[in-house]
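Note sheet for the following structure.
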Amino acid sequence: MSSLSIGLVGLGKIARDQHLPAIQANPTLRLVAGADPVARIDGLPHHASLEAMLAAEPDLDAVAICTPTHLRYAQARLALEAGKHVLLEKPPGATLSEVAALVELAERCPGTLFAAWHSQQAGGVAAAREWLAERRILGVEIEWKEDVHVWHPGQDWLWEPGGMGVFDPGINALSVATRVLPRPFFLRQATLEVPANCQTPIAAELAFMDAEETPIAADFDFRQAGEVTWEVRVATDAGQLRLTHGGNRLLIDDEVVVDAPTGDGNDEPSRLTAMVGQEYAGLYARFAELAVAGRSEVDVAPLRQVADAFLYGRRESVEAFEGRGSLTR
């Protein structure tokens with residue numbers, strides 16, 4: 001395959017900020033069309049739906065699905081049955097059952113299925129995984145806090161069932177933790193703070209433990225003003241490891257080991273958006289490799305942790321989150 005022709009399904013913020021530039025920057029990829037019932041991208045052939053795009057673009061090799069979570073199963077199924085390679089924006093489905101069904105379908109279809117966990121592509125993650133594999137872990141602290149108005153403006157679907165609320169960014173933290181920690185870990189306690197006018201949490205505190213009873217704590221919050229906190233701290237018998245900037249900076253006992261570029265914008269959101277862009281570049285390079293090899297890659301560990309939190313967690317009602325008008329019921 002000399003190049004991979006791709007259609008972009010769902011043309012919202014994540015597609016415009018990350019998928020579009022990552023595809024355009026990769027010389028082995030060719031963006032040929034977009035599908036969205038409302039949004040358009042100037043200069044890109046447009047279709048109102050995935051069905052319309054598949055009918056009009058029969059030579060399309062692949063699709064990247066960037067729609068709200070509850071729409072992804074049906075769209076991925078349609079694309080796989082049409083013989084296309086499929087990249088799924090995180091999380092790969094609204095439920096584990098949906099993802100399991102897609103994995104089974106992909107085994108019978110010629111196309112590749114790829115669950116795109118962009119934070120696993122962060123610059124310090126691979127080195128952190130290698131370093132931790134040779135150490136005894138004493139404890140883990142995870143903080144993933146940001147301002148929902150800055151990072152998810154107008155995204156009402158976040159607050160509906162399947163939207164995940166604060167777990168939409170929090171699952172990035174879990175994708176890093178499940179990637180770098182050498183043993184599986186399991187939820188033992190969870191508190192989910194759910195605003196009175198929402199269906200999903202605005203904050204969550206989680207307590208996990210692995211088979212050696214190592215304590216692992218996670219704190220997610222959408223209400224943090226100012227700079228974001230995207231950090232994983234691991235205490236070991238050989239010192240402390242820290243992954244900051246979403247995993248793009250790795251420190252051992254405060255000595256910087258990996259410091260991936262964080263962009264050169266004038267404000268923090270633009271700098272971090274550029275940083276995440278490097279993660280998406282890695283995702284699309286991996287997707288192209290899998291498509292050429294005819295192999296699928298679907299990691300469900302982060303989604304499983306979120307499902308456990310919703311199943312096992314204690315829900316606490318907090319005051320209605322008025323915020324900006326788009327979040328008011």
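Each chain in the structure tokens gets a letter, A, B, ..., in the order shown, and its residues are numbered from 1; ligands are numbered from 1 in order too.
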(message) With only C-alpha atoms as the counted atoms, please give the residues lying no more than 12 Å from Ala52 of chain A, apart from itself and same-chain residues fewer than 4 positions off, as a list in words.
(response)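 Residues near the query, excluding close chain neighbours: Gly7, Val9, Ala33, Gly34, Ala35, Asp36, Pro37, Pro45, His46, His47, Ala48, Ala56, Glu57, Pro58, Gln75, Leu78 and Ala79 of chain A.
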How would the residues just picked look written out with N, CA and C atoms as a PDB file, in the first residue's frame?
ATOM      1  N   GLY A   7     -11.028   8.717   5.409  1.00  0.00           N
ATOM      2  CA  GLY A   7     -12.168   9.592   5.597  1.00  0.00           C
ATOM      3  C   GLY A   7     -12.317   9.894   7.081  1.00  0.00           C
ATOM      4  N   VAL A   9     -14.630  10.934  10.148  1.00  0.00           N
ATOM      5  CA  VAL A   9     -16.048  10.856  10.520  1.00  0.00           C
ATOM      6  C   VAL A   9     -16.236  11.594  11.844  1.00  0.00           C
ATOM      7  N   ALA A  33     -11.983  12.839   2.419  1.00  0.00           N
ATOM      8  CA  ALA A  33     -13.362  13.287   2.638  1.00  0.00           C
ATOM      9  C   ALA A  33     -13.654  13.376   4.118  1.00  0.00           C
ATOM     10  N   GLY A  34     -14.710  14.121   4.448  1.00  0.00           N
ATOM     11  CA  GLY A  34     -15.207  14.208   5.811  1.00  0.00           C
ATOM     12  C   GLY A  34     -16.687  13.903   5.839  1.00  0.00           C
ATOM     13  N   ALA A  35     -17.156  13.380   6.969  1.00  0.00           N
ATOM     14  CA  ALA A  35     -18.577  13.069   7.138  1.00  0.00           C
ATOM     15  C   ALA A  35     -19.061  13.640   8.457  1.00  0.00           C
ATOM     16  N   ASP A  36     -20.107  14.466   8.383  1.00  0.00           N
ATOM     17  CA  ASP A  36     -20.696  15.067   9.571  1.00  0.00           C
ATOM     18  C   ASP A  36     -22.034  15.661   9.144  1.00  0.00           C
ATOM     19  N   PRO A  37     -23.092  15.468   9.953  1.00  0.00           N
ATOM     20  CA  PRO A  37     -24.389  16.013   9.552  1.00  0.00           C
ATOM     21  C   PRO A  37     -24.458  17.524   9.591  1.00  0.00           C
ATOM     22  N   PRO A  45     -13.884  17.518   0.621  1.00  0.00           N
ATOM     23  CA  PRO A  45     -15.178  16.985   0.178  1.00  0.00           C
ATOM     24  C   PRO A  45     -16.018  16.511   1.358  1.00  0.00           C
ATOM     25  N   HIS A  46     -17.296  16.878   1.355  1.00  0.00           N
ATOM     26  CA  HIS A  46     -18.146  16.671   2.521  1.00  0.00           C
ATOM     27  C   HIS A  46     -19.296  15.717   2.224  1.00  0.00           C
ATOM     28  N   HIS A  47     -19.627  14.890   3.223  1.00  0.00           N
ATOM     29  CA  HIS A  47     -20.789  14.015   3.159  1.00  0.00           C
ATOM     30  C   HIS A  47     -21.556  14.135   4.470  1.00  0.00           C
ATOM     31  N   ALA A  48     -22.866  13.990   4.387  1.00  0.00           N
ATOM     32  CA  ALA A  48     -23.718  14.184   5.562  1.00  0.00           C
ATOM     33  C   ALA A  48     -23.640  13.020   6.538  1.00  0.00           C
ATOM     34  N   ALA A  56     -20.066   7.181  -1.797  1.00  0.00           N
ATOM     35  CA  ALA A  56     -19.475   8.109  -2.762  1.00  0.00           C
ATOM     36  C   ALA A  56     -17.980   7.900  -2.957  1.00  0.00           C
ATOM     37  N   GLU A  57     -17.332   7.239  -1.984  1.00  0.00           N
ATOM     38  CA  GLU A  57     -15.876   7.057  -2.031  1.00  0.00           C
ATOM     39  C   GLU A  57     -15.547   5.561  -1.953  1.00  0.00           C
ATOM     40  N   PRO A  58     -15.868   4.794  -2.979  1.00  0.00           N
ATOM     41  CA  PRO A  58     -15.684   3.342  -2.901  1.00  0.00           C
ATOM     42  C   PRO A  58     -14.231   2.903  -2.749  1.00  0.00           C
ATOM     43  N   GLN A  75     -21.077   2.980  13.689  1.00  0.00           N
ATOM     44  CA  GLN A  75     -20.256   3.490  12.591  1.00  0.00           C
ATOM     45  C   GLN A  75     -19.066   2.577  12.312  1.00  0.00           C
ATOM     46  N   LEU A  78     -20.254  -0.557  10.512  1.00  0.00           N
ATOM     47  CA  LEU A  78     -20.533  -0.288   9.105  1.00  0.00           C
ATOM     48  C   LEU A  78     -19.240  -0.225   8.295  1.00  0.00           C
ATOM     49  N   ALA A  79     -18.236   0.454   8.822  1.00  0.00           N
ATOM     50  CA  ALA A  79     -16.977   0.597   8.093  1.00  0.00           C
ATOM     51  C   ALA A  79     -16.239  -0.731   7.981  1.00  0.00           C
TER      52      ALA A  79
END
(request) Find the residues around segment 194-199 of chain A up to 8 Å (only C-alpha atoms counted), leave out those fewer than 5 positions away in its own chain, and share them as a list in words. (result)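 Everything that qualifies: Trp159, Glu160, Pro161, Arg315, Glu316, Ser317, Val318, Glu319, Ala320, Phe321, Thr328 and Arg329 of chain A.
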(request) Go through A:Arg233, A:Arg16, A:Arg314, A:Arg188 and flag the residue nearest Pro201 of chain A, using only C-alpha atoms for the distances. (result) A:Arg314
(request) Within 7 Å of Glu231 of chain A, counting only C-alpha atoms, which residues show up once you throw out same-chain ones fewer than 2 positions away? Write them as a ChimeraX atom specification, please. (result) /A:142-144,229,233,243-246
(request) Do a neighbour search on Ser296 of chain A at 6 Å with only C-alpha atoms, toss out local chain neighbours closer than 6 positions, and write the hits as a PyMOL selection string. (result) chain A and resi 112-114
(message) Which residue is closest to Gly170 of chain A? Choose from A:His152, A:Arg271, A:Arg183, A:Lys145 and count only C-alpha atoms.
(response)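 Among A:His152, A:Arg271, A:Arg183, A:Lys145, it is A:Lys145 that comes nearest to Gly170 of chain A.
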(message) Between A:Ala55, A:Gly163, A:Ala39, A:Val300, which residue has the minimum interatomic distance to Ala94 of chain A, considering only C-alpha atoms?
(response) A:Gly163
(request) Please provide as a list in words all residues within 9 Å of Leu181 of chain A, with the sequence filter that same-chain residues fewer than 6 positions apart are discarded (counting only C-alpha atoms). (result)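 Selected residues are Ala128, Arg129, Leu132, Ala133 and Ile137 of chain A.
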(request) Using only C-alpha atoms, find the one residue out of A:Ser97, A:Ile14, A:Thr191, A:Leu4 that sits nearest to Pro153 of chain A. (result)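 Distance minimum relative to Pro153 of chain A lands on A:Ile14.
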Residue contacts of Ala177 of chain A (9 Å, only C-alpha atoms) excluding same-chain residues fewer than 3 positions away, as a PDB file with all heavy atoms, in the first residue's frame:
ATOM      1  N   ILE A 142      -2.120   9.593  41.031  1.00  0.00           N
ATOM      2  CA  ILE A 142      -2.473  10.120  39.713  1.00  0.00           C
ATOM      3  C   ILE A 142      -3.347  11.352  39.908  1.00  0.00           C
ATOM      4  O   ILE A 142      -4.345  11.300  40.628  1.00  0.00           O
ATOM      5  CB  ILE A 142      -3.245   9.070  38.883  1.00  0.00           C
ATOM      6  CG1 ILE A 142      -2.418   7.788  38.715  1.00  0.00           C
ATOM      7  CG2 ILE A 142      -3.639   9.641  37.524  1.00  0.00           C
ATOM      8  CD1 ILE A 142      -3.228   6.612  38.201  1.00  0.00           C
ATOM      9  N   ASN A 172      -7.539   9.121  29.858  1.00  0.00           N
ATOM     10  CA  ASN A 172      -6.167   9.281  29.370  1.00  0.00           C
ATOM     11  C   ASN A 172      -5.169   8.915  30.463  1.00  0.00           C
ATOM     12  O   ASN A 172      -4.154   8.252  30.215  1.00  0.00           O
ATOM     13  CB  ASN A 172      -5.929  10.728  28.923  1.00  0.00           C
ATOM     14  CG  ASN A 172      -6.697  11.090  27.684  1.00  0.00           C
ATOM     15  OD1 ASN A 172      -6.984  10.243  26.847  1.00  0.00           O
ATOM     16  ND2 ASN A 172      -7.036  12.356  27.557  1.00  0.00           N
ATOM     17  N   ALA A 173      -5.455   9.370  31.697  1.00  0.00           N
ATOM     18  CA  ALA A 173      -4.584   9.014  32.821  1.00  0.00           C
ATOM     19  C   ALA A 173      -4.540   7.514  33.026  1.00  0.00           C
ATOM     20  O   ALA A 173      -3.473   6.922  33.264  1.00  0.00           O
ATOM     21  CB  ALA A 173      -5.080   9.706  34.094  1.00  0.00           C
ATOM     22  N   LEU A 174      -5.699   6.878  32.920  1.00  0.00           N
ATOM     23  CA  LEU A 174      -5.764   5.427  33.107  1.00  0.00           C
ATOM     24  C   LEU A 174      -5.066   4.698  31.971  1.00  0.00           C
ATOM     25  O   LEU A 174      -4.477   3.626  32.176  1.00  0.00           O
ATOM     26  CB  LEU A 174      -7.216   4.986  33.234  1.00  0.00           C
ATOM     27  CG  LEU A 174      -7.926   5.508  34.488  1.00  0.00           C
ATOM     28  CD1 LEU A 174      -9.424   5.226  34.408  1.00  0.00           C
ATOM     29  CD2 LEU A 174      -7.334   4.901  35.755  1.00  0.00           C
ATOM     30  N   VAL A 180       2.135   1.838  31.828  1.00  0.00           N
ATOM     31  CA  VAL A 180       3.473   1.898  32.427  1.00  0.00           C
ATOM     32  C   VAL A 180       3.627   0.991  33.646  1.00  0.00           C
ATOM     33  O   VAL A 180       4.749   0.557  33.944  1.00  0.00           O
ATOM     34  CB  VAL A 180       3.866   3.346  32.811  1.00  0.00           C
ATOM     35  CG1 VAL A 180       3.814   4.255  31.598  1.00  0.00           C
ATOM     36  CG2 VAL A 180       3.004   3.887  33.943  1.00  0.00           C
ATOM     37  N   LEU A 181       2.545   0.697  34.359  1.00  0.00           N
ATOM     38  CA  LEU A 181       2.675  -0.128  35.559  1.00  0.00           C
ATOM     39  C   LEU A 181       2.812  -1.592  35.167  1.00  0.00           C
ATOM     40  O   LEU A 181       2.102  -2.073  34.275  1.00  0.00           O
ATOM     41  CB  LEU A 181       1.476   0.080  36.480  1.00  0.00           C
ATOM     42  CG  LEU A 181       1.334   1.501  37.051  1.00  0.00           C
ATOM     43  CD1 LEU A 181       0.089   1.609  37.917  1.00  0.00           C
ATOM     44  CD2 LEU A 181       2.580   1.905  37.829  1.00  0.00           C
ATOM     45  N   VAL A 232       1.354  11.659  36.767  1.00  0.00           N
ATOM     46  CA  VAL A 232       1.409  10.348  37.421  1.00  0.00           C
ATOM     47  C   VAL A 232       2.696  10.292  38.226  1.00  0.00           C
ATOM     48  O   VAL A 232       3.783  10.530  37.682  1.00  0.00           O
ATOM     49  CB  VAL A 232       1.375   9.192  36.396  1.00  0.00           C
ATOM     50  CG1 VAL A 232       1.502   7.841  37.111  1.00  0.00           C
ATOM     51  CG2 VAL A 232       0.101   9.243  35.563  1.00  0.00           C
ATOM     52  N   PRO A 302      -7.950   0.556  29.806  1.00  0.00           N
ATOM     53  CA  PRO A 302      -8.424   1.828  30.368  1.00  0.00           C
ATOM     54  C   PRO A 302      -9.944   1.901  30.464  1.00  0.00           C
ATOM     55  O   PRO A 302     -10.489   2.388  31.468  1.00  0.00           O
ATOM     56  CB  PRO A 302      -7.876   2.868  29.380  1.00  0.00           C
ATOM     57  CG  PRO A 302      -6.734   2.189  28.687  1.00  0.00           C
ATOM     58  CD  PRO A 302      -7.150   0.759  28.580  1.00  0.00           C
TER      59      PRO A 302
END
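Residue nearest Val99 of chain A within the list A:Arg72, A:Gln18, A:Gly111, A:Phe185: A:Arg72 [criterion: smallest interatomic distance, only C-alpha atoms].
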(message) Here is a test: counting only C-alpha atoms, which residue of A:Ile41, A:Ala127, A:Leu54, A:Ala64 is nearest to Tyr284 of chain A?
(response)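 When distances to Tyr284 of chain A are compared using only C-alpha atoms, the smallest one comes from A:Ala64.
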(request) Apply DSSP to the structure's backbone, then extract all residues of segment 29-258 of chain A labelled helix (DSSP H, G or I) and return them as a PyMOL selection string. (result) chain A and resi 50-56+69-81+96-108+118-121+125-132+148-151+156-159+167-180+245-247
(request) List every residue of segment 162-321 of chain A that DSSP, applied to the backbone of this structure, places in strand (DSSP E), and write the result as a ChimeraX atom specification. (result) /A:185-195,203-210,215-221,229-236,239-244,249-252,255-259,314-318
(message) Env of Gln305 of chain A: 8 Å cut, atoms = only C-alpha atoms, seq-sep filter 3 positions within chain, self excluded. Answer as a list in words.
(response)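 Result of the neighbour search: Leu174, Phe186, Leu187, Ala301, Pro302, Asp308 and Ala309 of chain A.
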Residues from last step as file, N, CA and C atoms, as a compact mmCIF listing (two decimals), in the first residue's frame:
# COMPACT_ATOMS: atom_id res chain seq x y z
N LEU A 174 -5.70 6.88 32.92
CA LEU A 174 -5.76 5.43 33.11
C LEU A 174 -5.07 4.70 31.97
N PHE A 186 -6.66 -3.12 40.35
CA PHE A 186 -8.09 -3.34 40.45
C PHE A 186 -8.73 -2.31 41.37
N LEU A 187 -9.92 -1.86 40.99
CA LEU A 187 -10.61 -0.85 41.77
C LEU A 187 -11.08 -1.41 43.10
N ALA A 301 -8.02 -2.09 28.50
CA ALA A 301 -7.74 -1.93 29.94
C ALA A 301 -8.20 -0.58 30.48
N PRO A 302 -7.95 0.56 29.81
CA PRO A 302 -8.42 1.83 30.37
C PRO A 302 -9.94 1.90 30.46
N ASP A 308 -15.56 -0.19 35.67
CA ASP A 308 -15.57 -0.61 37.07
C ASP A 308 -15.94 0.55 37.99
N ALA A 309 -15.44 1.74 37.68
CA ALA A 309 -15.74 2.91 38.51
C ALA A 309 -17.23 3.24 38.48
(message) Report, in Å to a single decimal, how far apart atom CA of Ala116 of chain A and atom CA of Ala291 of chain A are.
(response)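 It comes out at 13.5 Å.
Across the model, the gap from atom CA of Glu213 of chain A to atom CA of Ala190 of chain A is 16.7 Å.
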